[in-house]
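K.L.:
Below is work-v2.cif; it holds mmCIF, C-alpha atoms (C1' of nucleotides).
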data_run
#
loop_
_atom_site.label_atom_id
_atom_site.label_comp_id
_atom_site.auth_asym_id
_atom_site.auth_seq_id
_atom_site.Cartn_x
_atom_site.Cartn_y
_atom_site.Cartn_z
CA MET A 1 -40.81 6.33 34.93
CA GLU A 2 -38.84 6.27 31.73
CA SER A 3 -40.87 7.22 28.67
CA ASN A 4 -41.54 4.85 25.84
CA THR A 5 -39.35 6.85 23.49
CA ALA A 6 -36.43 6.91 25.91
CA THR A 7 -36.66 3.13 26.17
CA ARG A 8 -36.74 2.74 22.40
CA ILE A 9 -33.69 4.98 22.08
CA ARG A 10 -31.84 2.94 24.68
CA GLU A 11 -32.80 -0.36 23.09
CA THR A 12 -31.69 0.88 19.69
CA ALA A 13 -28.40 2.03 21.19
CA HIS A 14 -27.96 -1.48 22.58
CA ASP A 15 -28.54 -2.94 19.10
CA PHE A 16 -25.98 -0.61 17.55
CA ILE A 17 -23.34 -1.14 20.22
CA ALA A 18 -23.67 -4.91 19.86
CA GLU A 19 -23.23 -4.54 16.12
CA ARG A 20 -20.59 -1.82 15.84
CA GLY A 21 -19.12 -0.74 19.17
CA TYR A 22 -19.07 2.75 20.68
CA PHE A 23 -17.55 4.67 17.78
CA GLY A 24 -19.47 2.78 15.09
CA PHE A 25 -22.80 4.56 15.44
CA SER A 26 -24.06 8.12 15.73
CA TYR A 27 -27.09 9.96 17.03
CA ALA A 28 -28.14 10.26 13.40
CA ASP A 29 -28.19 6.45 13.06
CA ILE A 30 -30.37 6.12 16.15
CA ALA A 31 -32.66 8.95 15.08
CA GLU A 32 -33.30 7.22 11.76
CA ALA A 33 -33.88 3.81 13.36
CA VAL A 34 -36.27 5.16 16.00
CA GLY A 35 -38.01 7.54 13.61
CA ILE A 36 -37.40 10.80 15.46
CA ARG A 37 -34.97 13.70 15.06
CA LYS A 38 -31.47 13.89 16.40
CA ALA A 39 -32.29 16.72 18.78
CA SER A 40 -35.02 14.63 20.40
CA ILE A 41 -32.45 12.06 21.45
CA HIS A 42 -30.49 14.81 23.19
CA HIS A 43 -33.69 15.69 25.04
CA HIS A 44 -33.74 12.20 26.59
CA PHE A 45 -29.99 11.60 26.78
CA PRO A 46 -28.03 14.88 26.78
CA SER A 47 -24.80 13.27 25.60
CA LYS A 48 -23.69 10.05 23.95
CA VAL A 49 -21.92 9.10 27.17
CA ASP A 50 -25.22 9.47 29.09
CA LEU A 51 -26.94 7.21 26.58
CA VAL A 52 -24.31 4.49 26.68
CA VAL A 53 -24.01 4.58 30.46
CA ALA A 54 -27.82 4.27 30.71
CA THR A 55 -27.71 1.36 28.26
CA LEU A 56 -25.04 -0.41 30.30
CA MET A 57 -26.88 0.21 33.57
CA GLU A 58 -30.07 -1.25 32.17
CA TYR A 59 -28.10 -4.15 30.68
CA ARG A 60 -26.53 -4.95 34.04
CA ALA A 61 -29.86 -4.59 35.85
CA LYS A 62 -31.33 -7.17 33.47
CA LEU A 63 -28.39 -9.50 34.13
CA VAL A 64 -28.77 -9.15 37.90
CA GLU A 65 -32.49 -9.81 37.59
CA ALA A 66 -32.05 -12.84 35.31
CA ALA A 67 -29.31 -14.30 37.50
CA GLY A 68 -31.45 -13.83 40.60
CA SER A 69 -34.36 -15.48 38.85
CA LEU A 70 -32.18 -18.47 37.91
CA ASP A 71 -30.86 -18.69 41.47
CA SER A 72 -34.33 -18.87 42.96
CA ASN A 73 -36.06 -20.97 40.32
CA VAL A 74 -33.44 -23.52 39.27
CA THR A 75 -32.00 -25.63 42.08
CA ASP A 76 -29.37 -27.37 39.94
CA PRO A 77 -26.31 -25.03 39.68
CA LEU A 78 -24.96 -26.70 36.53
CA GLN A 79 -28.37 -26.24 34.95
CA ARG A 80 -28.26 -22.53 35.80
CA LEU A 81 -25.02 -22.14 33.86
CA LYS A 82 -26.48 -24.22 31.01
CA LEU A 83 -29.46 -21.88 30.81
CA TYR A 84 -27.16 -18.85 30.85
CA VAL A 85 -25.21 -20.28 27.92
CA GLN A 86 -28.40 -21.30 26.16
CA HIS A 87 -29.65 -17.73 26.33
CA TRP A 88 -26.57 -16.54 24.46
CA ALA A 89 -26.76 -19.43 22.00
CA GLU A 90 -30.24 -18.19 21.08
CA CYS A 91 -28.94 -14.63 20.60
CA VAL A 92 -26.11 -15.88 18.39
CA LYS A 93 -28.44 -18.10 16.39
CA ASN A 94 -30.99 -15.36 15.77
CA ASN A 95 -28.30 -12.73 15.30
CA ASN A 96 -30.10 -10.74 17.98
CA ARG A 97 -27.43 -8.82 19.89
CA PRO A 98 -25.14 -11.82 19.57
CA ILE A 99 -22.33 -10.26 21.62
CA CYS A 100 -22.21 -9.07 25.22
CA ILE A 101 -21.90 -5.29 24.90
CA ALA A 102 -19.69 -5.12 27.99
CA ALA A 103 -17.23 -7.52 26.33
CA LEU A 104 -17.32 -5.54 23.09
CA LEU A 105 -16.83 -2.21 24.84
CA SER A 106 -14.06 -3.72 26.91
CA ALA A 107 -12.15 -4.39 23.68
CA GLU A 108 -12.05 -0.65 22.92
CA LEU A 109 -11.94 0.34 26.60
CA PRO A 110 -8.83 2.59 26.63
CA ALA A 111 -10.51 4.95 24.17
CA LEU A 112 -13.80 5.19 26.08
CA PRO A 113 -14.87 7.92 28.54
CA GLU A 114 -14.23 7.14 32.18
CA GLU A 115 -17.93 6.77 33.12
CA ILE A 116 -18.36 4.05 30.51
CA GLN A 117 -15.20 2.25 31.61
CA THR A 118 -16.61 2.13 35.12
CA GLU A 119 -19.88 0.56 33.97
CA VAL A 120 -18.03 -2.03 31.87
CA ARG A 121 -15.90 -3.00 34.88
CA LEU A 122 -18.96 -3.31 37.10
CA HIS A 123 -20.54 -5.68 34.59
CA PHE A 124 -17.49 -7.94 34.48
CA THR A 125 -17.15 -7.94 38.25
CA TYR A 126 -20.76 -8.90 38.76
CA LEU A 127 -20.78 -11.56 36.04
CA VAL A 128 -17.65 -13.28 37.32
CA SER A 129 -18.92 -13.16 40.90
CA TRP A 130 -22.23 -14.76 39.90
CA VAL A 131 -20.52 -17.54 37.91
CA LYS A 132 -18.10 -18.11 40.79
CA ALA A 133 -20.93 -18.37 43.34
CA THR A 134 -22.80 -20.76 41.04
CA LEU A 135 -19.72 -22.95 40.57
CA LYS A 136 -19.15 -23.04 44.32
CA ASP A 137 -22.78 -23.95 44.89
CA GLY A 138 -22.38 -26.78 42.39
CA VAL A 139 -19.25 -28.06 44.09
CA ARG A 140 -21.02 -27.97 47.45
CA HIS A 141 -23.87 -30.08 46.10
CA ASN A 142 -21.58 -32.46 44.20
CA ASN A 143 -23.17 -31.17 41.06
CA ILE A 144 -20.11 -29.52 39.55
CA HIS A 145 -16.53 -30.70 39.47
CA LEU A 146 -13.64 -28.21 39.22
CA GLN A 147 -9.97 -28.73 38.48
CA ASN A 148 -8.98 -25.24 39.65
CA SER A 149 -10.06 -22.64 42.17
CA ALA A 150 -13.60 -21.34 41.71
CA GLU A 151 -12.16 -17.89 41.02
CA VAL A 152 -9.99 -19.02 38.11
CA GLU A 153 -12.69 -21.36 36.79
CA ALA A 154 -15.23 -18.52 36.84
CA GLN A 155 -12.82 -16.17 35.07
CA SER A 156 -12.14 -18.88 32.49
CA PHE A 157 -15.82 -19.58 31.96
CA VAL A 158 -16.61 -15.91 31.33
CA ALA A 159 -13.60 -15.51 29.03
CA LEU A 160 -14.53 -18.62 27.08
CA VAL A 161 -18.10 -17.49 26.51
CA HIS A 162 -16.96 -14.03 25.35
CA GLY A 163 -14.28 -15.51 23.12
CA ALA A 164 -16.81 -17.91 21.65
CA MET A 165 -19.09 -14.99 20.73
CA ILE A 166 -16.22 -13.34 18.89
CA SER A 167 -15.18 -16.50 17.08
CA ALA A 168 -18.77 -17.12 16.06
CA ARG A 169 -18.98 -13.62 14.61
CA ALA A 170 -15.62 -13.89 12.86
CA LEU A 171 -16.48 -17.16 11.17
CA GLY A 172 -20.20 -16.50 10.81
CA SER A 173 -21.00 -19.75 12.58
CA THR A 174 -23.52 -20.39 15.35
CA GLU A 175 -22.21 -23.95 15.52
CA ILE A 176 -18.84 -22.71 16.85
CA PHE A 177 -20.46 -20.97 19.80
CA THR A 178 -22.55 -23.98 20.77
CA SER A 179 -19.75 -26.54 20.47
CA ILE A 180 -17.27 -24.46 22.46
CA THR A 181 -19.69 -23.76 25.29
CA LYS A 182 -21.07 -27.31 25.29
CA SER A 183 -17.61 -28.75 25.80
CA ALA A 184 -16.93 -26.26 28.60
CA LEU A 185 -20.06 -27.34 30.44
CA GLU A 186 -19.22 -31.02 29.94
CA ARG A 187 -15.83 -30.46 31.49
CA ILE A 188 -17.23 -29.22 34.78
CA ARG A 189 -19.90 -31.93 34.95
CA PRO A 190 -19.03 -34.54 37.61
CA SER A 191 -18.16 -37.92 36.02
CA VAL A 192 -21.03 -39.60 37.92
CA MET B 1 10.10 -2.95 -0.89
CA GLU B 2 7.92 -0.99 1.47
CA SER B 3 9.37 2.36 2.52
CA ASN B 4 10.29 3.14 6.09
CA THR B 5 7.45 5.64 6.40
CA ALA B 6 4.88 3.19 5.09
CA THR B 7 6.00 0.69 7.70
CA ARG B 8 5.80 3.28 10.46
CA ILE B 9 2.29 4.22 9.34
CA ARG B 10 1.25 0.58 9.33
CA GLU B 11 2.77 -0.08 12.75
CA THR B 12 1.07 2.98 14.18
CA ALA B 13 -2.23 1.83 12.70
CA HIS B 14 -1.71 -1.51 14.44
CA ASP B 15 -1.18 0.31 17.75
CA PHE B 16 -4.35 2.33 17.31
CA ILE B 17 -6.50 -0.60 16.23
CA ALA B 18 -5.33 -2.61 19.25
CA GLU B 19 -6.25 0.31 21.47
CA ARG B 20 -9.48 1.60 19.92
CA GLY B 21 -10.80 -0.54 17.08
CA TYR B 22 -11.51 0.50 13.50
CA PHE B 23 -13.73 3.52 14.14
CA GLY B 24 -11.70 4.75 17.10
CA PHE B 25 -8.84 6.36 15.20
CA SER B 26 -8.39 8.66 12.23
CA TYR B 27 -5.75 9.57 9.66
CA ALA B 28 -5.20 12.72 11.71
CA ASP B 29 -4.32 10.60 14.76
CA ILE B 30 -1.80 8.58 12.76
CA ALA B 31 -0.34 11.69 11.13
CA GLU B 32 0.32 13.21 14.53
CA ALA B 33 1.84 10.02 15.95
CA VAL B 34 4.11 9.44 12.95
CA GLY B 35 4.98 13.12 12.59
CA ILE B 36 3.81 13.68 9.01
CA ARG B 37 0.73 15.23 7.41
CA LYS B 38 -2.58 13.54 6.75
CA ALA B 39 -2.18 13.78 2.98
CA SER B 40 1.12 11.91 3.13
CA ILE B 41 -0.60 8.89 4.59
CA HIS B 42 -2.95 8.85 1.62
CA HIS B 43 0.13 8.72 -0.61
CA HIS B 44 1.13 5.38 0.97
CA PHE B 45 -2.34 4.02 1.72
CA PRO B 46 -4.99 5.64 -0.50
CA SER B 47 -7.85 4.75 1.84
CA LYS B 48 -8.34 3.70 5.44
CA VAL B 49 -9.52 0.31 4.19
CA ASP B 50 -6.22 -0.14 2.30
CA LEU B 51 -4.29 0.70 5.45
CA VAL B 52 -6.20 -1.66 7.70
CA VAL B 53 -6.11 -4.50 5.16
CA ALA B 54 -2.33 -4.04 4.83
CA THR B 55 -2.02 -4.04 8.61
CA LEU B 56 -3.98 -7.28 8.88
CA MET B 57 -2.00 -8.92 6.08
CA GLU B 58 1.28 -8.04 7.75
CA TYR B 59 -0.11 -9.20 11.10
CA ARG B 60 -1.10 -12.57 9.64
CA ALA B 61 2.25 -12.93 7.84
CA LYS B 62 4.00 -12.41 11.17
CA LEU B 63 1.76 -15.04 12.79
CA VAL B 64 2.44 -17.56 10.02
CA GLU B 65 6.16 -16.88 10.32
CA ALA B 66 6.20 -17.17 14.12
CA ALA B 67 4.11 -20.34 14.08
CA GLY B 68 6.39 -21.88 11.44
CA SER B 69 9.40 -20.94 13.53
CA LEU B 70 7.88 -22.59 16.61
CA ASP B 71 7.04 -25.70 14.59
CA SER B 72 10.60 -26.13 13.36
CA ASN B 73 12.47 -25.07 16.49
CA VAL B 74 10.40 -26.48 19.36
CA THR B 75 9.77 -30.20 19.24
CA ASP B 76 7.43 -30.29 22.24
CA PRO B 77 3.90 -29.35 21.00
CA LEU B 78 2.65 -28.34 24.46
CA GLN B 79 5.67 -26.10 24.79
CA ARG B 80 4.80 -24.44 21.47
CA LEU B 81 1.38 -23.50 22.81
CA LYS B 82 2.97 -22.33 26.05
CA LEU B 83 5.28 -20.03 24.13
CA TYR B 84 2.36 -18.70 22.08
CA VAL B 85 0.50 -17.85 25.27
CA GLN B 86 3.64 -16.43 26.86
CA HIS B 87 4.05 -14.06 23.93
CA TRP B 88 0.60 -12.64 24.61
CA ALA B 89 1.19 -12.55 28.35
CA GLU B 90 4.17 -10.27 27.66
CA CYS B 91 2.06 -8.03 25.46
CA VAL B 92 -0.64 -7.79 28.13
CA LYS B 93 1.91 -7.15 30.87
CA ASN B 94 3.71 -4.40 28.93
CA ASN B 95 0.45 -3.01 27.58
CA ASN B 96 2.00 -3.35 24.13
CA ARG B 97 -0.83 -4.19 21.74
CA PRO B 98 -2.38 -6.36 24.43
CA ILE B 99 -5.24 -7.55 22.22
CA CYS B 100 -5.27 -9.52 18.98
CA ILE B 101 -6.47 -7.01 16.40
CA ALA B 102 -8.32 -9.71 14.48
CA ALA B 103 -10.32 -10.53 17.61
CA LEU B 104 -11.01 -6.87 18.28
CA LEU B 105 -12.07 -6.19 14.69
CA SER B 106 -14.19 -9.33 14.75
CA ALA B 107 -16.21 -7.78 17.57
CA GLU B 108 -17.28 -4.91 15.29
CA LEU B 109 -17.23 -7.06 12.15
CA PRO B 110 -20.74 -6.37 10.77
CA ALA B 111 -19.91 -2.69 10.44
CA LEU B 112 -16.59 -3.20 8.66
CA PRO B 113 -15.92 -3.09 4.90
CA GLU B 114 -15.97 -6.44 3.14
CA GLU B 115 -12.21 -6.53 2.43
CA ILE B 116 -11.43 -6.18 6.13
CA GLN B 117 -13.97 -8.85 7.08
CA THR B 118 -12.22 -11.23 4.72
CA GLU B 119 -8.81 -10.61 6.30
CA VAL B 120 -10.23 -11.08 9.80
CA ARG B 121 -11.75 -14.41 8.79
CA LEU B 122 -8.47 -15.56 7.23
CA HIS B 123 -6.67 -14.80 10.48
CA PHE B 124 -9.11 -16.84 12.56
CA THR B 125 -9.05 -19.73 10.12
CA TYR B 126 -5.27 -19.88 10.12
CA LEU B 127 -4.93 -19.51 13.89
CA VAL B 128 -7.43 -22.25 14.67
CA SER B 129 -5.86 -24.57 12.10
CA TRP B 130 -2.39 -24.05 13.60
CA VAL B 131 -3.62 -24.68 17.16
CA LYS B 132 -5.52 -27.75 15.96
CA ALA B 133 -2.46 -29.16 14.19
CA THR B 134 -0.34 -28.50 17.28
CA LEU B 135 -2.86 -30.21 19.55
CA LYS B 136 -3.00 -33.22 17.22
CA ASP B 137 0.77 -33.38 17.15
CA GLY B 138 0.79 -33.36 20.95
CA VAL B 139 -1.77 -36.15 21.12
CA ARG B 140 0.26 -38.22 18.66
CA HIS B 141 3.36 -37.88 20.81
CA ASN B 142 1.50 -38.45 24.08
CA ASN B 143 2.41 -34.92 25.00
CA ILE B 144 -1.09 -33.48 25.09
CA HIS B 145 -4.28 -34.97 26.42
CA LEU B 146 -7.67 -33.90 25.01
CA GLN B 147 -11.18 -34.49 26.29
CA ASN B 148 -12.81 -33.44 23.04
CA SER B 149 -12.12 -33.45 19.31
CA ALA B 150 -9.02 -31.50 18.28
CA GLU B 151 -11.28 -29.15 16.30
CA VAL B 152 -13.43 -28.18 19.28
CA GLU B 153 -10.41 -28.04 21.61
CA ALA B 154 -8.60 -25.73 19.18
CA GLN B 155 -11.67 -23.50 18.84
CA SER B 156 -11.98 -23.41 22.62
CA PHE B 157 -8.31 -22.59 23.11
CA VAL B 158 -8.47 -19.65 20.69
CA ALA B 159 -11.71 -18.38 22.21
CA LEU B 160 -10.30 -18.65 25.72
CA VAL B 161 -7.16 -16.68 24.87
CA HIS B 162 -9.18 -13.94 23.16
CA GLY B 163 -11.68 -13.81 26.01
CA ALA B 164 -8.82 -13.62 28.51
CA MET B 165 -7.39 -10.59 26.69
CA ILE B 166 -10.74 -8.86 26.96
CA SER B 167 -11.22 -9.71 30.63
CA ALA B 168 -7.69 -8.51 31.38
CA ARG B 169 -8.45 -5.20 29.68
CA ALA B 170 -11.82 -4.83 31.40
CA LEU B 171 -10.42 -5.39 34.86
CA GLY B 172 -7.01 -3.87 34.19
CA SER B 173 -5.32 -7.03 35.39
CA THR B 174 -2.43 -8.91 33.78
CA GLU B 175 -2.86 -11.56 36.46
CA ILE B 176 -6.24 -12.55 35.03
CA PHE B 177 -4.78 -13.30 31.62
CA THR B 178 -1.98 -15.43 33.00
CA SER B 179 -4.11 -17.43 35.42
CA ILE B 180 -6.79 -18.19 32.83
CA THR B 181 -4.31 -19.33 30.19
CA LYS B 182 -2.15 -21.22 32.69
CA SER B 183 -5.13 -23.29 33.81
CA ALA B 184 -6.05 -24.00 30.19
CA LEU B 185 -2.58 -25.33 29.46
CA GLU B 186 -2.60 -27.44 32.61
CA ARG B 187 -5.84 -29.04 31.55
CA ILE B 188 -4.44 -30.39 28.30
CA ARG B 189 -1.22 -31.59 29.95
CA PRO B 190 -1.20 -35.41 30.25
CA SER B 191 -1.44 -36.51 33.89
CA VAL B 192 1.85 -38.41 33.63
"C1'" DG C 1 -67.92 22.82 29.33
"C1'" DC C 2 -64.23 25.39 28.42
"C1'" DA C 3 -60.37 28.54 28.69
"C1'" DT C 4 -55.84 28.66 30.69
"C1'" DC C 5 -51.45 27.10 32.09
"C1'" DC C 6 -47.53 24.06 32.21
"C1'" DA C 7 -44.21 20.85 31.12
"C1'" DA C 8 -42.69 17.14 28.46
"C1'" DA C 9 -41.67 15.91 23.95
"C1'" DC C 10 -40.42 16.98 19.67
"C1'" DC C 11 -39.14 19.88 15.98
"C1'" DT C 12 -36.09 23.04 12.57
"C1'" DA C 13 -32.00 25.21 12.06
"C1'" DC C 14 -27.81 25.91 13.47
"C1'" DT C 15 -22.85 25.57 15.55
"C1'" DA C 16 -17.79 24.23 15.78
"C1'" DG C 17 -15.11 20.64 14.88
"C1'" DT C 18 -13.58 16.33 12.62
"C1'" DA C 19 -13.96 12.57 9.21
"C1'" DG C 20 -11.82 10.57 4.92
"C1'" DG C 21 -10.20 12.03 0.77
"C1'" DT C 22 -8.32 15.09 -3.33
"C1'" DA C 23 -5.71 18.58 -6.23
"C1'" DG C 24 -1.80 20.54 -7.16
"C1'" DT C 25 2.94 22.03 -5.73
"C1'" DC C 26 7.62 21.67 -4.04
"C1'" DT C 27 11.96 19.19 -3.28
"C1'" DA C 28 15.48 15.74 -3.29
"C1'" DC C 29 17.58 12.23 -5.58
"C1'" DC C 30 18.78 8.61 -9.12
"C1'" DG D 1 14.11 15.04 -16.19
"C1'" DG D 2 11.25 11.77 -14.10
"C1'" DT D 3 9.65 9.86 -9.91
"C1'" DA D 4 8.93 9.23 -4.83
"C1'" DG D 5 7.59 11.45 -0.97
"C1'" DA D 6 6.22 15.01 1.32
"C1'" DC D 7 3.69 19.33 1.58
"C1'" DT D 8 -0.33 23.20 1.70
"C1'" DA D 9 -4.79 23.96 0.96
"C1'" DC D 10 -8.90 22.51 0.15
"C1'" DC D 11 -13.40 19.63 -0.38
"C1'" DT D 12 -17.78 17.32 1.10
"C1'" DA D 13 -19.98 14.74 4.46
"C1'" DC D 14 -20.70 13.85 8.93
"C1'" DT D 15 -19.96 14.35 14.17
"C1'" DA D 16 -21.92 15.63 18.88
"C1'" DG D 17 -24.20 19.12 20.68
"C1'" DT D 18 -27.16 23.72 21.18
"C1'" DA D 19 -30.72 27.51 20.67
"C1'" DG D 20 -35.06 28.36 20.42
"C1'" DG D 21 -39.70 27.58 18.68
"C1'" DT D 22 -43.96 24.33 18.19
"C1'" DT D 23 -46.99 20.58 19.43
"C1'" DT D 24 -49.21 17.65 22.75
"C1'" DG D 25 -51.76 16.14 26.62
"C1'" DG D 26 -53.06 16.61 30.97
"C1'" DA D 27 -54.28 19.35 35.39
"C1'" DT D 28 -56.51 23.35 37.18
"C1'" DG D 29 -59.86 27.14 37.87
"C1'" DC D 30 -64.16 29.16 36.86
#
When written as C-alpha cells, how does the structure in this file appear?
P.N.:
Amino acid sequence: MESNTATRIRETAHDFIAERGYFGFSYADIAEAVGIRKASIHHHFPSKVDLVVATLMEYRAKLVEAAGSLDSNVTDPLQRLKLYVQHWAECVKNNNRPICIAALLSAELPALPEEIQTEVRLHFTYLVSWVKATLKDGVRHNNIHLQNSAEVEAQSFVALVHGAMISARALGSTEIFTSITKSALERIRPSV
Amino acid sequence: MESNTATRIRETAHDFIAERGYFGFSYADIAEAVGIRKASIHHHFPSKVDLVVATLMEYRAKLVEAAGSLDSNVTDPLQRLKLYVQHWAECVKNNNRPICIAALLSAELPALPEEIQTEVRLHFTYLVSWVKATLKDGVRHNNIHLQNSAEVEAQSFVALVHGAMISARALGSTEIFTSITKSALERIRPSV
DNA sequence: GCATCCAAACCTACTAGTAGGTAGTCTACC
DNA sequence: GGTAGACTACCTACTAGTAGGTTTGGATGC
C-alpha cells in the first residue's frame, strides 16, 4: 500500500498541475508544500515523469470509480451528467482544482514526455466513452434527446465542459461555468 | 516600426506558446529557432514577460482586424462564424498553431505574471463580445436561431471551440475538431 | 526484556545543466 | 559620430536528479 507521504506528494502534485501545468512547478515547490526535502520526493517518485504519471493514473482511477458509482446509484442518465457537471461546478466555485488536469496537460501535450501523453489520451478516451454511453442510455429511456450522433454529442459535451473551465479561469467567474454547462444540459433534455 | 528580427522573435514565441505554454520554452529555444543569440532577444524584448505581452497584443490586434474584415465583407452572420471556425480547422489540420494561445495561457493563468493575465482576459472579453454581436446580428436577420440568451450562447460557442482544440490535440485528431464545431454551427442554423 | 537486524523513509550535500537576465564590445550604417 | 543590432562572456538562481549517511519502527532471536 502507498504510504501516507507518497499520497500527500501525489495530491500536492495534482494541486500544482491544476494550477500551473507540467512545467510550472518543481520538486522544490512540492517539497516546501508537503514539508519534506526534495530528495525524499525522489525516494517515492524517482522522476518527475513517474510522479505525474502516478497522479494521472490515480486521477483516472477516481473518475472510473465515480462514474461507476453514478451508473449504479443514479438511474436517471440525465441526472448522472448533471451530477458530473455539478461536481466540477463545486471545484470551480471553491477554486479547488478547478480544471481537469488531463485537459490542461493536453494543452501542452506536444512538449510532454511520451508516458504522460499516453495517460492523458487514456483519460480523454475513457471520459468520452462514459459520456457517450450515458447519452445513449438516456436516449434509450427517452430521458435525453440528441440532435447528433451520440459520439459527436459526447465529444461536444466533453469539449464544452473543458472550455467552460478555461473561460471561467480566464474571466475569474464561476457564473460562466455554471451558465454554459446549464444551457448544455437543457439542450439535451427532452421537451416533455 | 518593429524590426524584422523583432517580428521573427515574436512569431517564434507564438509558435512555442501554442506548442508548450508559458513555462515550456526559453529564450535559448527562441534564439536557436531564430538563429541569433540569447542576448539579442533581450535587446528587442527585455524580459520574457515583455515578449509574451507583445505576442498577445499582436495576436489580439490580428483578431480584431480579422473580425472587422469579416464584419464588413461577409453579410451573412452565420457565415462569419463558419469562416472563423474554418480558420481554426485549417490551423488544426496543418498543425500550425492549432490552439488559441489565450486559451492555453488561461489554463495556467494563476501562475502567470499579472501583465500577461490582463492580456489574456482582454482577449477573452473581445472574442466573446464579437461572437455575441455576430449571434445577435444573425438573430435580427433571421439567419441564426438561439435557444438561450446571446450572452450564454456566445460564451458556450467560445468554450466549445477552445475545448475542441484541446480534445483534438489530446486525441491527435483533426476530425474531432471539425465534427464538434460543425454540429455547433448546425444547431444555431434556423430550421428553414 | 532486550539486543540485533533490516528496510523504509528521510536527510544533507552535491552534481551537471538550464533558466532569465546583464555588462560591455564590436560593427554597419545613416 | 551616434545609434541599432548583434555579439561574447558572464552572473545568480533554479532545475531534476544522485550519492551516501542517519533516523525510525517493526520483526526476530535469545
K.L.:
Could you tell me which residues the PyMOL selection byres ((chain C) within 12 of (chain B)) grabs in this file, written as an NGL selection string?
P.N.:
:C and (18-23)
K.L.:
Which neighbours of DT4 of chain C fall inside 12 Å, counting all atoms listed in the file, when residues of the same chain fewer than 2 positions from it are skipped, and could you give them as a list in words?
P.N.:
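Once the adjacent positions are removed, what remains is DC2 and DC6 of chain C; DA27, DT28, DG29 and DC30 of chain D.
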K.L.:
Of the candidates A:Ala18, A:Ala13, A:Val74, A:Met57, which one gets nearest to chain B if we count all atoms listed in the file?
P.N.:
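For chain B, the nearest of the given residues is A:Ala18.
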K.L.:
Taking all atoms listed in the file into account, find every residue of chain A that has an atom no more than 8 Å from chain B, and write it out as a ChimeraX atom specification.
P.N.:
/A:18-21,23-24,99,103-104,106-111,117,120-121,124-125,148,152-153,155-156,158-164,166-167,169-171,176,179-180,183
K.L.:
Using the file's own x, y and z axes, so that the box edges lie along x, y and z, what centre and edge lengths in Å (one decimal) does a box around every listed atom of segment 133-145 of chain A get when 5 Å is added on each side? Give it as AutoDock Vina command-line options.
P.N.:
--center_x -20.2 --center_y -25.4 --center_z 43.5 --size_x 17.3 --size_y 24.1 --size_z 18.0
K.L.:
For chain B, list the residues within 10 Å of chain D, counting only C-alpha atoms (C1' of nucleotides), and write the list as a JSON list (two decimals) with C-alpha atoms, in the frame of the given file.
P.N.:
[["chain", "number", "residue", "atom", "x", "y", "z"],
["B", 3, "SER", "CA", 9.37, 2.36, 2.52],
["B", 5, "THR", "CA", 7.45, 5.64, 6.40],
["B", 36, "ILE", "CA", 3.81, 13.68, 9.01],
["B", 37, "ARG", "CA", 0.73, 15.23, 7.41],
["B", 38, "LYS", "CA", -2.58, 13.54, 6.75],
["B", 39, "ALA", "CA", -2.18, 13.78, 2.98],
["B", 40, "SER", "CA", 1.12, 11.91, 3.13],
["B", 41, "ILE", "CA", -0.60, 8.89, 4.59],
["B", 43, "HIS", "CA", 0.13, 8.72, -0.61],
["B", 44, "HIS", "CA", 1.13, 5.38, 0.97]]
K.L.:
Using atom CA of Asn143 of chain A and atom CA of Leu135 of chain B as the two end points, give the distance in Å to one decimal.
P.N.:
29.6 Å
K.L.:
Would you work out the distance separating atom CA of Val85 of chain A from atom CA of Glu65 of chain A, expressed in Å to one decimal?
P.N.:
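Computed distance, atom CA of Val85 of chain A to atom CA of Glu65 of chain A, equals 16.0 Å.
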K.L.:
Using Å and a single decimal, report how far atom CA of Glu58 of chain A sits from atom CA of Thr7 of chain A.
P.N.:
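That distance, rounded to one decimal, is 9.9 Å.
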K.L.:
So what does the PyMOL selection byres ((chain A and resi 81) around 12) actually pick up in this one, as a PyMOL selection string?
P.N.:
chain A and resi 66-67+70-71+74-80+82-88+127+130-135+137-138+143-144+154+157-158+161+181-182+184-186+188-189
K.L.:
Export, as a short mmCIF file (atom, residue, chain, number, x, y, z; two decimals), in the frame of the given file, the selected residues with C-alpha atoms.
P.N.:
data_model
loop_
_atom_site.label_atom_id
_atom_site.label_comp_id
_atom_site.auth_asym_id
_atom_site.auth_seq_id
_atom_site.Cartn_x
_atom_site.Cartn_y
_atom_site.Cartn_z
CA ALA A 66 -32.05 -12.84 35.31
CA ALA A 67 -29.31 -14.30 37.50
CA LEU A 70 -32.18 -18.47 37.91
CA ASP A 71 -30.86 -18.69 41.47
CA VAL A 74 -33.44 -23.52 39.27
CA THR A 75 -32.00 -25.63 42.08
CA ASP A 76 -29.37 -27.37 39.94
CA PRO A 77 -26.31 -25.03 39.68
CA LEU A 78 -24.96 -26.70 36.53
CA GLN A 79 -28.37 -26.24 34.95
CA ARG A 80 -28.26 -22.53 35.80
CA LYS A 82 -26.48 -24.22 31.01
CA LEU A 83 -29.46 -21.88 30.81
CA TYR A 84 -27.16 -18.85 30.85
CA VAL A 85 -25.21 -20.28 27.92
CA GLN A 86 -28.40 -21.30 26.16
CA HIS A 87 -29.65 -17.73 26.33
CA TRP A 88 -26.57 -16.54 24.46
CA LEU A 127 -20.78 -11.56 36.04
CA TRP A 130 -22.23 -14.76 39.90
CA VAL A 131 -20.52 -17.54 37.91
CA LYS A 132 -18.10 -18.11 40.79
CA ALA A 133 -20.93 -18.37 43.34
CA THR A 134 -22.80 -20.76 41.04
CA LEU A 135 -19.72 -22.95 40.57
CA ASP A 137 -22.78 -23.95 44.89
CA GLY A 138 -22.38 -26.78 42.39
CA ASN A 143 -23.17 -31.17 41.06
CA ILE A 144 -20.11 -29.52 39.55
CA ALA A 154 -15.23 -18.52 36.84
CA PHE A 157 -15.82 -19.58 31.96
CA VAL A 158 -16.61 -15.91 31.33
CA VAL A 161 -18.10 -17.49 26.51
CA THR A 181 -19.69 -23.76 25.29
CA LYS A 182 -21.07 -27.31 25.29
CA ALA A 184 -16.93 -26.26 28.60
CA LEU A 185 -20.06 -27.34 30.44
CA GLU A 186 -19.22 -31.02 29.94
CA ILE A 188 -17.23 -29.22 34.78
CA ARG A 189 -19.90 -31.93 34.95
#
